[in-house]
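See below for query31.cif, which holds mmCIF, C-alpha atoms.
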```cif
data_coords
loop_
_atom_site.label_atom_id
_atom_site.label_comp_id
_atom_site.auth_asym_id
_atom_site.auth_seq_id
_atom_site.Cartn_x
_atom_site.Cartn_y
_atom_site.Cartn_z
CA MET A 1 74.68 95.41 184.85
CA SER A 2 77.28 96.18 182.17
CA GLU A 3 76.29 97.29 178.72
CA ILE A 4 78.25 97.54 175.48
CA LEU A 5 77.11 100.00 172.82
CA VAL A 6 78.40 98.69 169.53
CA ASN A 7 77.31 98.27 165.91
CA LYS A 8 79.66 95.47 164.97
CA LEU A 9 81.39 92.62 166.75
CA THR A 10 84.61 91.27 165.22
CA GLY A 11 87.02 88.64 166.53
CA THR A 12 90.56 89.75 167.27
CA SER A 13 92.48 86.61 166.26
CA THR A 14 90.11 85.73 163.42
CA ALA A 15 87.53 88.30 162.38
CA GLY A 16 84.79 85.72 161.84
CA VAL A 17 85.31 83.81 165.09
CA ILE A 18 84.06 85.07 168.44
CA LEU A 19 83.86 82.52 171.22
CA VAL A 20 81.00 82.59 173.72
CA THR A 21 81.30 80.75 177.02
CA GLY A 22 78.49 78.24 177.30
CA GLU A 23 76.00 77.73 180.09
CA GLY A 24 78.30 75.31 181.89
CA ASN A 25 80.79 78.15 182.36
CA SER A 26 83.71 76.40 180.63
CA THR A 27 82.99 75.12 177.13
CA THR A 28 82.95 77.75 174.42
CA THR A 29 80.87 77.88 171.27
CA ASN A 30 81.44 79.83 168.07
CA LEU A 31 79.08 82.81 168.12
CA GLN A 32 78.99 83.31 164.36
CA GLN A 33 78.37 79.63 163.65
CA GLY A 34 75.53 79.41 166.15
CA LEU A 35 73.55 82.36 164.89
CA ALA A 36 70.65 81.84 162.51
CA LYS A 37 71.67 83.63 159.30
CA GLN A 38 68.23 83.80 157.75
CA TRP A 39 64.66 83.24 158.86
CA VAL A 40 61.24 84.18 157.61
CA TYR A 41 57.63 83.77 158.68
CA PHE A 42 54.97 84.24 156.03
CA ASP A 43 51.60 83.12 154.66
CA MET A 44 51.77 81.63 151.17
CA ALA A 45 48.57 83.50 150.28
CA SER A 46 50.95 86.37 149.56
CA THR A 47 54.65 86.91 149.04
CA THR A 48 54.95 89.45 151.84
CA ALA A 49 56.87 88.28 154.88
CA VAL A 50 55.22 88.84 158.25
CA ASP A 51 58.70 89.10 159.74
CA SER A 52 62.13 88.07 158.60
CA LEU A 53 65.90 88.27 158.87
CA ASN A 54 68.23 88.53 155.86
CA THR A 55 65.37 87.86 153.44
CA SER A 56 65.07 90.20 150.45
CA SER A 57 61.84 88.78 149.03
CA LEU A 58 59.69 85.71 148.51
CA THR A 59 58.76 84.26 145.13
CA ASP A 60 55.59 82.22 144.53
CA SER A 61 56.66 79.56 142.05
CA GLY A 62 53.45 77.51 142.01
CA THR A 63 50.99 75.88 144.39
CA GLY A 64 52.95 74.68 147.38
CA LYS A 65 56.20 76.02 146.00
CA PHE A 66 58.09 79.08 147.06
CA VAL A 67 61.55 80.57 146.85
CA VAL A 68 63.19 82.43 149.70
CA ASN A 69 65.49 85.08 148.26
CA ILE A 70 68.39 85.76 150.58
CA ASN A 71 69.75 89.26 151.03
CA ASN A 72 73.35 88.58 152.09
CA ASP A 73 74.56 85.43 150.35
CA PHE A 74 75.68 82.21 151.95
CA ASN A 75 79.27 81.15 151.31
CA ASN A 76 78.22 77.75 149.97
CA THR A 77 75.16 75.57 149.53
CA SER A 78 75.96 73.41 152.55
CA TYR A 79 73.80 75.44 154.89
CA THR A 80 71.15 73.76 156.98
CA VAL A 81 67.49 74.61 156.82
CA ASN A 82 64.59 74.02 159.14
CA TYR A 83 61.01 74.30 157.95
CA THR A 84 57.79 73.99 159.93
CA GLY A 85 54.42 74.65 158.36
CA ASN A 86 50.70 74.46 158.94
CA GLY A 87 48.22 74.49 156.10
CA TYR A 88 45.15 75.67 157.98
CA ALA A 89 44.08 78.68 159.98
CA SER A 90 42.33 76.75 162.71
CA ASP A 91 43.32 74.58 165.59
CA THR A 92 41.57 71.50 164.24
CA PHE A 93 43.66 68.62 163.05
CA PRO A 94 42.54 67.22 159.73
CA ALA A 95 44.79 64.61 158.18
CA ASN A 96 46.71 67.12 156.14
CA VAL A 97 47.06 69.90 158.68
CA THR A 98 50.78 69.53 159.01
CA CYS A 99 53.02 70.41 156.10
CA VAL A 100 56.44 69.02 155.50
CA ALA A 101 58.93 70.62 153.19
CA LYS A 102 60.97 69.24 150.41
CA ILE A 103 64.16 71.26 150.28
CA SER A 104 65.29 71.49 146.70
CA TYR A 105 68.70 70.41 145.46
CA GLU A 106 68.59 73.61 143.45
CA THR A 107 69.04 75.70 146.58
CA THR A 108 71.80 78.20 145.90
CA THR A 109 73.84 80.62 147.97
CA THR A 110 71.21 83.28 147.29
CA THR A 111 67.96 81.33 147.24
CA GLY A 112 66.31 78.63 149.31
CA LEU A 113 63.72 76.56 147.42
CA TYR A 114 60.92 74.87 149.31
CA ASP A 115 57.98 72.68 148.33
CA THR A 116 55.34 72.39 151.06
CA ILE A 117 53.48 69.12 150.96
CA SER A 118 50.55 67.95 153.02
CA TYR A 119 50.31 64.61 154.78
CA GLY A 120 48.32 63.36 151.79
CA SER A 121 51.25 64.16 149.47
CA ALA A 122 49.49 67.05 147.73
CA LEU A 123 51.23 70.36 147.23
CA VAL A 124 49.46 73.01 149.31
CA ASP A 125 49.91 76.72 149.93
CA SER A 126 50.58 76.53 153.65
CA LYS A 127 49.21 79.33 155.80
CA TYR A 128 51.95 79.29 158.39
CA ASN A 129 55.49 78.92 157.09
CA TYR A 130 58.57 79.16 159.28
CA CYS A 131 61.99 78.80 157.64
CA THR A 132 65.32 79.05 159.45
CA ALA A 133 68.81 78.62 158.01
CA HIS A 134 72.19 78.19 159.68
CA GLY A 135 75.51 78.13 157.89
CA ASP A 136 78.36 80.29 156.61
CA LEU A 137 77.79 83.74 155.16
CA ALA A 138 79.95 84.81 152.23
CA MET B 1 97.30 90.30 169.28
CA ALA B 2 96.22 88.68 172.51
CA LEU B 3 92.76 87.17 172.66
CA GLY B 4 90.45 89.56 174.50
CA LYS B 5 87.52 88.77 176.72
CA ILE B 6 84.53 91.02 177.32
CA LYS B 7 81.97 90.44 180.05
CA ALA B 8 78.70 92.24 179.43
CA ASP B 9 75.02 91.75 180.04
CA THR B 10 73.76 93.84 177.13
CA LEU B 11 74.79 94.59 173.57
CA GLU B 12 73.29 97.71 172.01
CA HIS B 13 73.33 98.71 168.35
CA SER B 14 73.04 102.37 167.39
CA THR B 15 69.79 101.87 165.49
CA ALA B 16 68.74 98.22 165.61
CA GLY B 17 68.10 98.02 169.35
CA SER B 18 69.75 96.01 172.09
CA VAL B 19 69.87 92.42 173.20
CA ASP B 20 70.53 90.90 176.58
CA THR B 21 73.58 88.70 176.19
CA GLN B 22 71.72 85.80 177.79
CA TYR B 23 69.95 85.54 174.43
CA VAL B 24 73.32 85.36 172.70
CA VAL B 25 74.51 82.56 174.98
CA ASN B 26 71.21 80.70 175.25
CA GLY B 27 69.81 81.58 171.83
CA SER B 28 72.68 80.44 169.65
CA ALA B 29 72.38 77.06 168.01
CA LYS B 30 74.92 74.76 169.65
CA ALA B 31 75.06 72.13 166.91
CA TRP B 32 73.98 71.67 163.32
CA MET B 33 75.11 69.75 160.29
CA TYR B 34 74.41 69.27 156.62
CA TYR B 35 74.37 65.51 156.34
CA LYS B 36 74.11 63.24 153.32
CA GLN B 37 72.82 60.00 154.83
CA ASN B 38 73.04 58.04 151.60
CA THR B 39 76.76 58.72 151.10
CA PRO B 40 77.20 59.09 154.10
CA ALA B 41 79.07 62.40 154.47
CA ILE B 42 78.97 65.56 156.56
CA THR B 43 79.33 68.54 154.24
CA ASP B 44 79.33 71.29 156.85
CA SER B 45 78.69 71.41 160.58
CA LEU B 46 78.99 73.07 163.97
CA ASN B 47 80.08 71.18 167.09
CA THR B 48 79.91 67.84 165.28
CA SER B 49 82.74 65.32 165.44
CA SER B 50 81.12 62.64 163.30
CA ALA B 51 77.89 60.88 162.39
CA THR B 52 77.15 57.21 162.98
CA ASP B 53 74.79 55.22 160.76
CA THR B 54 72.70 53.19 163.20
CA ALA B 55 70.04 51.77 160.84
CA THR B 56 68.29 52.63 157.60
CA GLY B 57 67.02 56.16 158.09
CA ASN B 58 68.61 56.48 161.52
CA TYR B 59 71.83 58.17 162.53
CA LEU B 60 73.65 59.56 165.54
CA GLN B 61 75.10 63.06 165.41
CA ASN B 62 78.16 62.93 167.68
CA TYR B 63 79.04 66.20 169.36
CA THR B 64 82.51 67.62 169.91
CA ASN B 65 81.41 69.46 173.06
CA ALA B 66 78.72 67.72 175.08
CA PHE B 67 75.39 69.16 176.18
CA ASP B 68 74.54 69.31 179.87
CA ALA B 69 71.44 67.16 179.49
CA SER B 70 70.25 64.46 177.13
CA TYR B 71 67.53 64.82 174.48
CA ASP B 72 64.85 65.89 176.96
CA GLY B 73 66.86 69.02 177.77
CA ARG B 74 67.38 70.21 174.21
CA ALA B 75 65.30 71.66 171.41
CA MET B 76 65.73 70.23 167.95
CA GLY B 77 64.44 70.78 164.48
CA GLY B 78 65.46 70.17 160.93
CA SER B 79 64.36 69.14 157.49
CA SER B 80 65.02 66.46 154.95
CA PHE B 81 65.18 66.70 151.21
CA ALA B 82 62.99 63.97 149.81
CA THR B 83 59.26 64.37 149.31
CA ASP B 84 57.08 63.41 152.28
CA LYS B 85 59.97 62.61 154.55
CA VAL B 86 59.95 63.62 158.18
CA LEU B 87 62.99 64.17 160.37
CA SER B 88 62.37 63.26 164.00
CA HIS B 89 64.59 62.98 167.01
CA GLY B 90 65.02 59.62 168.67
CA SER B 91 65.61 58.79 172.30
CA THR B 92 67.36 55.50 171.67
CA GLY B 93 71.10 55.96 171.84
CA SER B 94 70.88 59.66 172.63
CA THR B 95 73.25 60.93 175.29
CA THR B 96 74.74 64.26 176.26
CA SER B 97 77.40 63.62 173.61
CA ALA B 98 75.24 62.35 170.76
CA GLN B 99 71.74 62.70 169.39
CA GLN B 100 69.77 60.12 167.45
CA PHE B 101 67.76 61.36 164.45
CA ASN B 102 65.38 59.27 162.37
CA VAL B 103 64.09 59.95 158.86
CA TYR B 104 60.77 58.35 157.93
CA ASP B 105 58.47 58.35 154.95
CA VAL B 106 54.67 58.54 155.30
CA SER B 107 54.43 54.77 155.78
CA SER B 108 56.85 55.06 158.73
CA SER B 109 59.65 53.30 156.89
CA GLY B 110 63.19 54.50 157.50
CA LEU B 111 65.03 56.07 154.59
CA ASP B 112 68.62 57.20 154.09
CA ASP B 113 67.98 60.63 152.69
CA SER B 114 70.33 62.59 150.46
CA PHE B 115 70.03 65.66 152.67
CA SER B 116 69.29 65.96 156.35
CA SER B 117 69.84 69.08 158.44
CA PRO B 118 69.34 68.76 162.21
CA ILE B 119 69.73 71.91 164.31
CA THR B 120 69.97 71.75 168.11
CA HIS B 121 69.67 74.41 170.81
CA GLY B 122 70.31 73.88 174.48
CA ASP B 123 72.89 74.22 177.23
CA LEU B 124 76.46 73.08 176.78
CA ALA B 125 78.07 71.19 179.64
#
```
Would you encode the structure as structure tokens?
Amino acid sequence: MSEILVNKLTGTSTAGVILVTGEGNSTTTNLQQGLAKQWVYFDMASTTAVDSLNTSSLTDSGTGKFVVNINNDFNNTSYTVNYTGNGYASDTFPANVTCVAKISYETTTTTGLYDTISYGSALVDSKYNYCTAHGDLA
Amino acid sequence: MALGKIKADTLEHSTAGSVDTQYVVNGSAKAWMYYKQNTPAITDSLNTSSATDTATGNYLQNYTNAFDASYDGRAMGGSSFATDKVLSHGSTGSTTSAQQFNVYDVSSSGLDDSFSSPITHGDLA
């Protein structure tokens, strides 16, 4: 098995483009574009992340509302986000166990704004919060 | 400068640890887009040639490079902007070259949202 010891990967033709051959052994995909640029897992009972990538801090901005502060900025606000949440600490399934997120228009290159809302439309501080973002770094 | 090619099974950082390159190949998202259904317009994307409006709340994300299997061989997620809206994947119309996504409100009515962001992982053809 070969192994490369390296701290930084940079494309030769274009620094921000490294092609990776896909599973079908022919089609290539852009490595940088496919990587998640930010993710965080946390409990809204606190603003401390359980684990994260490229997340400087979390801000509690009200019941069911939080701001993800991004460490290295995005290049624009056209980055995609994926949120999955669960409002309870058990495996039972009350009507409002699953949280959906409203992603704010006010999301910036340095902050992602989320409102977590139960099935019953009430804002809730979700226990399990998983946020992932893909897009272009500055 | 000629384009180089490196074949390796592991990448190792001096302090941050190492990763088997299978996680680079298999773990990278193969398609995503920032899509304004109500315009409609794609603002930014990866591996996306276009989007097709198939019904209110429903759209097809058409891929530039196809996946090796249809929707049952891929993992998808995403979020929508509007309150109480859910983004789900649809089987109707989905192929290796396109994926149907549906946006619903809590009464199961379709809605053309102002922001929809599907992300898909899986194997390219």
#### Entry: Contact set, chain A to chain B: 6 Å, all atoms listed in the file, as a ChimeraX atom specification
/A:2-7,22-24,34-35,78,80,82,102-103
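Going from atom CA of Val124 of chain A to atom CA of Lys65 of chain A covers 8.1 Å.
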### Task
With the file shown as input, list the residues that the PyMOL selection byres ((chain B and resi 54) around 12) selects, as an MDAnalysis selection string.
chainID B and resid 37 40 51:53 55:61 90 92:94 99:103 110:112
### Message
Env of segment 131-137 of chain A: 6 Å cut, atoms = only C-alpha atoms, seq-sep filter 4 positions within chain, self excluded. Answer as a count of residues only.
### Response
12
Spatial neighbours of Thr111 of chain A, max dist 12 Å, all atoms listed in the file, sep filter under 3 positions, as a compact mmCIF listing (two decimals) with C-alpha atoms, in the frame of the given file:
```txt
# COMPACT_ATOMS: atom_id res chain seq x y z
CA GLN A 38 68.23 83.80 157.75
CA ASN A 54 68.23 88.53 155.86
CA THR A 55 65.37 87.86 153.44
CA SER A 56 65.07 90.20 150.45
CA SER A 57 61.84 88.78 149.03
CA LEU A 58 59.69 85.71 148.51
CA THR A 59 58.76 84.26 145.13
CA PHE A 66 58.09 79.08 147.06
CA VAL A 67 61.55 80.57 146.85
CA VAL A 68 63.19 82.43 149.70
CA ASN A 69 65.49 85.08 148.26
CA ILE A 70 68.39 85.76 150.58
CA ASN A 71 69.75 89.26 151.03
CA ASN A 72 73.35 88.58 152.09
CA ASP A 73 74.56 85.43 150.35
CA PHE A 74 75.68 82.21 151.95
CA ASN A 76 78.22 77.75 149.97
CA THR A 77 75.16 75.57 149.53
CA TYR A 79 73.80 75.44 154.89
CA VAL A 81 67.49 74.61 156.82
CA ILE A 103 64.16 71.26 150.28
CA SER A 104 65.29 71.49 146.70
CA TYR A 105 68.70 70.41 145.46
CA GLU A 106 68.59 73.61 143.45
CA THR A 107 69.04 75.70 146.58
CA THR A 108 71.80 78.20 145.90
CA TYR A 114 60.92 74.87 149.31
CA ALA A 133 68.81 78.62 158.01
```
### Task
Tell me, in Å to one decimal, how far atom CA of Ala69 of chain B is from atom CA of Thr95 of chain B.
7.7 Å
### Message
Using Å and a single decimal, report how far atom CA of Thr84 of chain A sits from atom CA of Ser52 of chain A.
### Response
14.8 Å
### Message
Assuming the chain letters and numbering stay as they are in my file, what does the PyMOL selection byres ((chain A and resi 47) around 8) actually select? List them as a PyMOL selection string.
### Response
chain A and resi 42-46+48-49+57-60
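Counting only C-alpha atoms, the residue from A:Leu53, A:Lys8, A:Tyr41, A:Ala15 that sits nearest to Asn129 of chain A is A:Tyr41.
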Is it possible to get the axis-aligned box enclosing segment 47-63 of chain B (all listed atoms, 4 Å extra per side) as JSON, with centre and edge lengths in Å rounded to one decimal?
```
{"center_x": 74.9, "center_y": 61.5, "center_z": 163.5, "size_x": 23.7, "size_y": 27.4, "size_z": 19.8}
```
### Within 8 Å of file point (80.8, 87.6, 171.8), counting all atoms listed in the file, expressed as a VMD selection string
(chain A and resid 9 18 to 20 31) or (chain B and resid 6 24)
## Note on the structure
Judged by only C-alpha atoms, the minimum distance to Thr14 of chain A among A:Asp51, A:Asn30, A:Ser61, A:Ala138 is found for A:Asn30
